[in-house]
Amino acid sequence: MPNILTDVTSEYLASMEPPADDLVAEMEAHAAEDGIPIASRSVAKLQAILARGTDAGRALEFGTAIGYSTLHVARTGTDVVTTEVDGERIDAAVDYLERDGIDVTVTNDPTTIDAEPTGDGTVFIVEGPALETVPRLDDPFDLVFLDAIKSEYEEYLAESLPLLTAGGMVVADNLLRGGRVAAAAADTETDDIEAEYGSSVAALCEFNEVFVDHDALEAVITPQGDGTGVAVKTSDAP
């Protein structure tokens with residue numbers, strides 16, 4: 001993960017992170033070895049803190065990968081409905097989650113998922129593109145985590161906000177992309193951010209504006225991890 005902080009600050013914050021248990025450490029090693037994008041440990045822990053602090057019954061996650069963030073939230077007793085398109089990553093996520101004693105169901109039919117929380121941190125992995133599956137889910141959700149295709153973040157937000165309870169939380173990962181989003185936003189010499197910085201950076205420049213100015217959210221973007229957006233839904237307006 002690119003470092004958007006000074007080395008001294010980054011090293012200090014890393015020393016303050018909660019220690020990883022054996023399973024979490026194994027997942028981190030797996031992701032690093034195979035180049036699988038997962039949240040930083042501090043961002044995964046932030047999600048768990050928000051889930052526990054808000055007494056969340058259900059969380060919606062865009063992008064399971066190998067189940068790293070999923071595991072942290074499910075351990076709080078919050079049910080997680082999470083989307084993923086990669087079958088091998090789904091298999092890995094199921095293995096890790098079940099080894100932790102978490103009940104896991106994999107489905108390609110979101111309508112089969114009961115909207116009533118189980119209360120024991122059950123995970124439902126929905127196989128398929130998020131923009132095709134999430135609109136078929138039943139509300140409510142208390143926590144939303146965006147961590148999949150960056151160019152689709154704005155659509156993820158639009159699809160998930162009607163499902164989110166008032167007072168529910170949104171966490172969005174990778175909003176600074178190693179500092180490139182800030183660099184692109186400050187670049188007054190280019191007329192084509194996408195050509196100069198890439199499609200993900202261009203999309204995140206637009207998403208960040210929508211996120212912090214959204215009428216239904218009170219939101220901030222922090223330098224945690226690779227740039228983490230945190231918001232609370234302040235009204236029932238989507």
# chains A, B, ... in the order shown; residues from 1 in each chain; ligands from 1

call {"tool": "residues_around", "arguments": {"residues": "Ala115 of chain A", "least_positions_apart": "6", "cutoff": "8 Å", "atoms": "only C-alpha atoms", "output": "JSON, numbers by chain"}}
result
{"A": [138, 139, 140]}

call {"tool": "write_last_selection", "arguments": {"atoms": "C-alpha atoms", "output": "mmCIF file, in the first residue's frame"}}
result
data_model
loop_
_atom_site.group_PDB
_atom_site.id
_atom_site.type_symbol
_atom_site.label_atom_id
_atom_site.label_comp_id
_atom_site.auth_asym_id
_atom_site.auth_seq_id
_atom_site.Cartn_x
_atom_site.Cartn_y
_atom_site.Cartn_z
ATOM 1 C CA ASP A 138 -33.595 -6.105 1.221
ATOM 2 C CA ASP A 139 -32.876 -3.313 3.694
ATOM 3 C CA PRO A 140 -31.988 -2.251 6.327
#

call {"tool": "closest_atom_pairs", "arguments": {"of": "segment 88-194 of chain A", "to": "segment 226-234 of chain A", "cutoff": "10 Å", "atoms": "only C-alpha atoms", "output": "tab-separated table"}}
result
residue	atom	partner	partner_atom	distance
A:Asp142	CA	A:Lys233	CA	9.6
A:Leu143	CA	A:Val232	CA	9.1
A:Val144	CA	A:Ala231	CA	9.7
A:Phe145	CA	A:Val230	CA	9.5
A:Leu146	CA	A:Gly229	CA	9.3
A:Leu161	CA	A:Lys233	CA	8.0
A:Leu164	CA	A:Lys233	CA	7.6
A:Thr165	CA	A:Lys233	CA	7.3
A:Ala166	CA	A:Lys233	CA	5.2
A:Gly167	CA	A:Lys233	CA	5.1
A:Gly168	CA	A:Lys233	CA	5.4
A:Met169	CA	A:Val232	CA	4.5
A:Val170	CA	A:Ala231	CA	5.0
A:Val171	CA	A:Val230	CA	4.7
A:Ala172	CA	A:Gly229	CA	4.8
A:Asp173	CA	A:Thr228	CA	4.8
A:Asn174	CA	A:Asp226	CA	4.7
A:Leu175	CA	A:Gly227	CA	4.7
A:Leu176	CA	A:Gly227	CA	4.7
A:Arg177	CA	A:Asp226	CA	5.9
A:Gly178	CA	A:Asp226	CA	6.0
A:Gly179	CA	A:Asp226	CA	8.1
A:Val181	CA	A:Gly227	CA	9.6

call {"tool": "residues_around", "arguments": {"residues": "Leu23 of chain A", "least_positions_apart": "2", "cutoff": "9 Å", "atoms": "only C-alpha atoms", "output": "list in words"}}
result
Ala20, Asp21, Ala25, Glu26, Met27, Glu28, Tyr96, Arg99 and Asp100 of chain A

call {"tool": "select_by_dssp", "arguments": {"residues": "segment 8-235 of chain A", "states": "alpha helix (DSSP H)", "output": "ChimeraX atom specification"}}
result
/A:8-16,22-34,41-53,68-74,87-99,130-133,153-160,180-186,193-197,199-213

call {"tool": "select_by_dssp", "arguments": {"residues": "segment 46-197 of chain A", "states": "strand (DSSP E or B)", "output": "compact mmCIF listing (two decimals) with N, CA and C atoms, in the first residue's frame"}}
result
# COMPACT_ATOMS: atom_id res chain seq x y z
N ARG A 58 -26.58 -5.35 10.73
CA ARG A 58 -26.16 -5.84 9.42
C ARG A 58 -25.23 -4.83 8.76
N ALA A 59 -24.21 -5.35 8.08
CA ALA A 59 -23.28 -4.52 7.32
C ALA A 59 -23.28 -4.98 5.87
N LEU A 60 -23.12 -4.02 4.97
CA LEU A 60 -23.03 -4.30 3.54
C LEU A 60 -21.63 -3.93 3.07
N GLU A 61 -20.95 -4.89 2.45
CA GLU A 61 -19.57 -4.68 2.01
C GLU A 61 -19.47 -4.87 0.49
N PHE A 62 -18.87 -3.88 -0.16
CA PHE A 62 -18.60 -3.98 -1.59
C PHE A 62 -17.15 -4.45 -1.76
N ASP A 79 -23.94 -9.18 11.31
CA ASP A 79 -24.04 -9.93 10.06
C ASP A 79 -23.42 -9.11 8.93
N VAL A 80 -22.77 -9.79 7.99
CA VAL A 80 -22.16 -9.10 6.85
C VAL A 80 -22.68 -9.70 5.56
N VAL A 81 -23.23 -8.84 4.71
CA VAL A 81 -23.57 -9.22 3.34
C VAL A 81 -22.50 -8.59 2.46
N THR A 82 -21.77 -9.41 1.71
CA THR A 82 -20.60 -8.92 1.00
C THR A 82 -20.59 -9.44 -0.43
N THR A 83 -20.14 -8.62 -1.36
CA THR A 83 -20.19 -8.97 -2.78
C THR A 83 -18.80 -9.25 -3.33
N GLU A 84 -18.72 -10.23 -4.24
CA GLU A 84 -17.43 -10.58 -4.84
C GLU A 84 -17.67 -11.29 -6.17
N VAL A 104 -21.04 -19.16 7.16
CA VAL A 104 -20.93 -18.51 5.86
C VAL A 104 -21.89 -19.17 4.87
N THR A 105 -22.61 -18.33 4.13
CA THR A 105 -23.44 -18.80 3.03
C THR A 105 -23.01 -18.07 1.77
N VAL A 106 -22.81 -18.82 0.69
CA VAL A 106 -22.49 -18.22 -0.61
C VAL A 106 -23.70 -18.39 -1.52
N THR A 107 -24.10 -17.31 -2.16
CA THR A 107 -25.28 -17.36 -3.03
C THR A 107 -25.10 -16.42 -4.21
N VAL A 123 -22.12 -14.48 7.85
CA VAL A 123 -21.66 -13.84 6.62
C VAL A 123 -22.39 -14.44 5.42
N PHE A 124 -22.88 -13.55 4.54
CA PHE A 124 -23.51 -13.95 3.29
C PHE A 124 -22.68 -13.36 2.15
N ILE A 125 -22.04 -14.23 1.38
CA ILE A 125 -21.25 -13.77 0.24
C ILE A 125 -22.10 -13.88 -1.02
N VAL A 126 -22.33 -12.74 -1.67
CA VAL A 126 -23.13 -12.72 -2.89
C VAL A 126 -22.17 -12.71 -4.08
N GLU A 127 -22.22 -13.78 -4.86
CA GLU A 127 -21.31 -13.91 -5.99
C GLU A 127 -21.91 -13.21 -7.21
N PHE A 141 -29.60 -1.85 6.39
CA PHE A 141 -28.22 -2.06 6.81
C PHE A 141 -27.82 -0.90 7.72
N ASP A 142 -26.87 -1.17 8.61
CA ASP A 142 -26.42 -0.16 9.58
C ASP A 142 -25.01 0.34 9.28
N LEU A 143 -24.29 -0.39 8.41
CA LEU A 143 -22.91 -0.04 8.09
C LEU A 143 -22.65 -0.45 6.64
N VAL A 144 -22.01 0.44 5.89
CA VAL A 144 -21.65 0.15 4.50
C VAL A 144 -20.16 0.36 4.33
N PHE A 145 -19.48 -0.58 3.64
CA PHE A 145 -18.05 -0.45 3.39
C PHE A 145 -17.80 -0.54 1.89
N LEU A 146 -17.19 0.50 1.33
CA LEU A 146 -16.87 0.56 -0.10
C LEU A 146 -15.39 0.23 -0.29
N LEU A 164 -29.51 2.03 3.77
CA LEU A 164 -28.84 2.35 5.03
C LEU A 164 -29.79 3.09 5.97
N THR A 165 -29.79 2.69 7.23
CA THR A 165 -30.62 3.35 8.22
C THR A 165 -30.12 4.77 8.48
N ALA A 166 -31.02 5.66 8.89
CA ALA A 166 -30.59 6.97 9.37
C ALA A 166 -29.75 6.76 10.61
N GLY A 167 -28.58 7.38 10.66
CA GLY A 167 -27.63 7.13 11.73
C GLY A 167 -26.64 6.04 11.39
N GLY A 168 -26.85 5.37 10.24
CA GLY A 168 -25.92 4.34 9.80
C GLY A 168 -24.62 4.95 9.28
N MET A 169 -23.58 4.13 9.23
CA MET A 169 -22.25 4.61 8.89
C MET A 169 -21.81 4.11 7.52
N VAL A 170 -21.01 4.94 6.84
CA VAL A 170 -20.37 4.57 5.57
C VAL A 170 -18.87 4.71 5.75
N VAL A 171 -18.12 3.69 5.34
CA VAL A 171 -16.66 3.75 5.32
C VAL A 171 -16.22 3.46 3.88
N ALA A 172 -15.38 4.32 3.32
CA ALA A 172 -14.89 4.16 1.96
C ALA A 172 -13.37 4.13 1.98

call {"tool": "residues_around", "arguments": {"residues": "Phe211 of chain A", "least_positions_apart": "3", "cutoff": "10 Å", "atoms": "only C-alpha atoms", "output": "PyMOL selection string"}}
result
chain A and resi 153-154+157+170+172+204+206-208+214-221+229-231

call {"tool": "residues_around", "arguments": {"residues": "segment 36-48 of chain A", "least_positions_apart": "4", "cutoff": "9 Å", "atoms": "only C-alpha atoms", "output": "number ranges by chain"}}
result
A: 1, 14, 17-18, 20, 24, 28, 30-32, 52-53, 64-76, 78, 89, 143, 145, 147, 171, 173-174, 224-226, 228
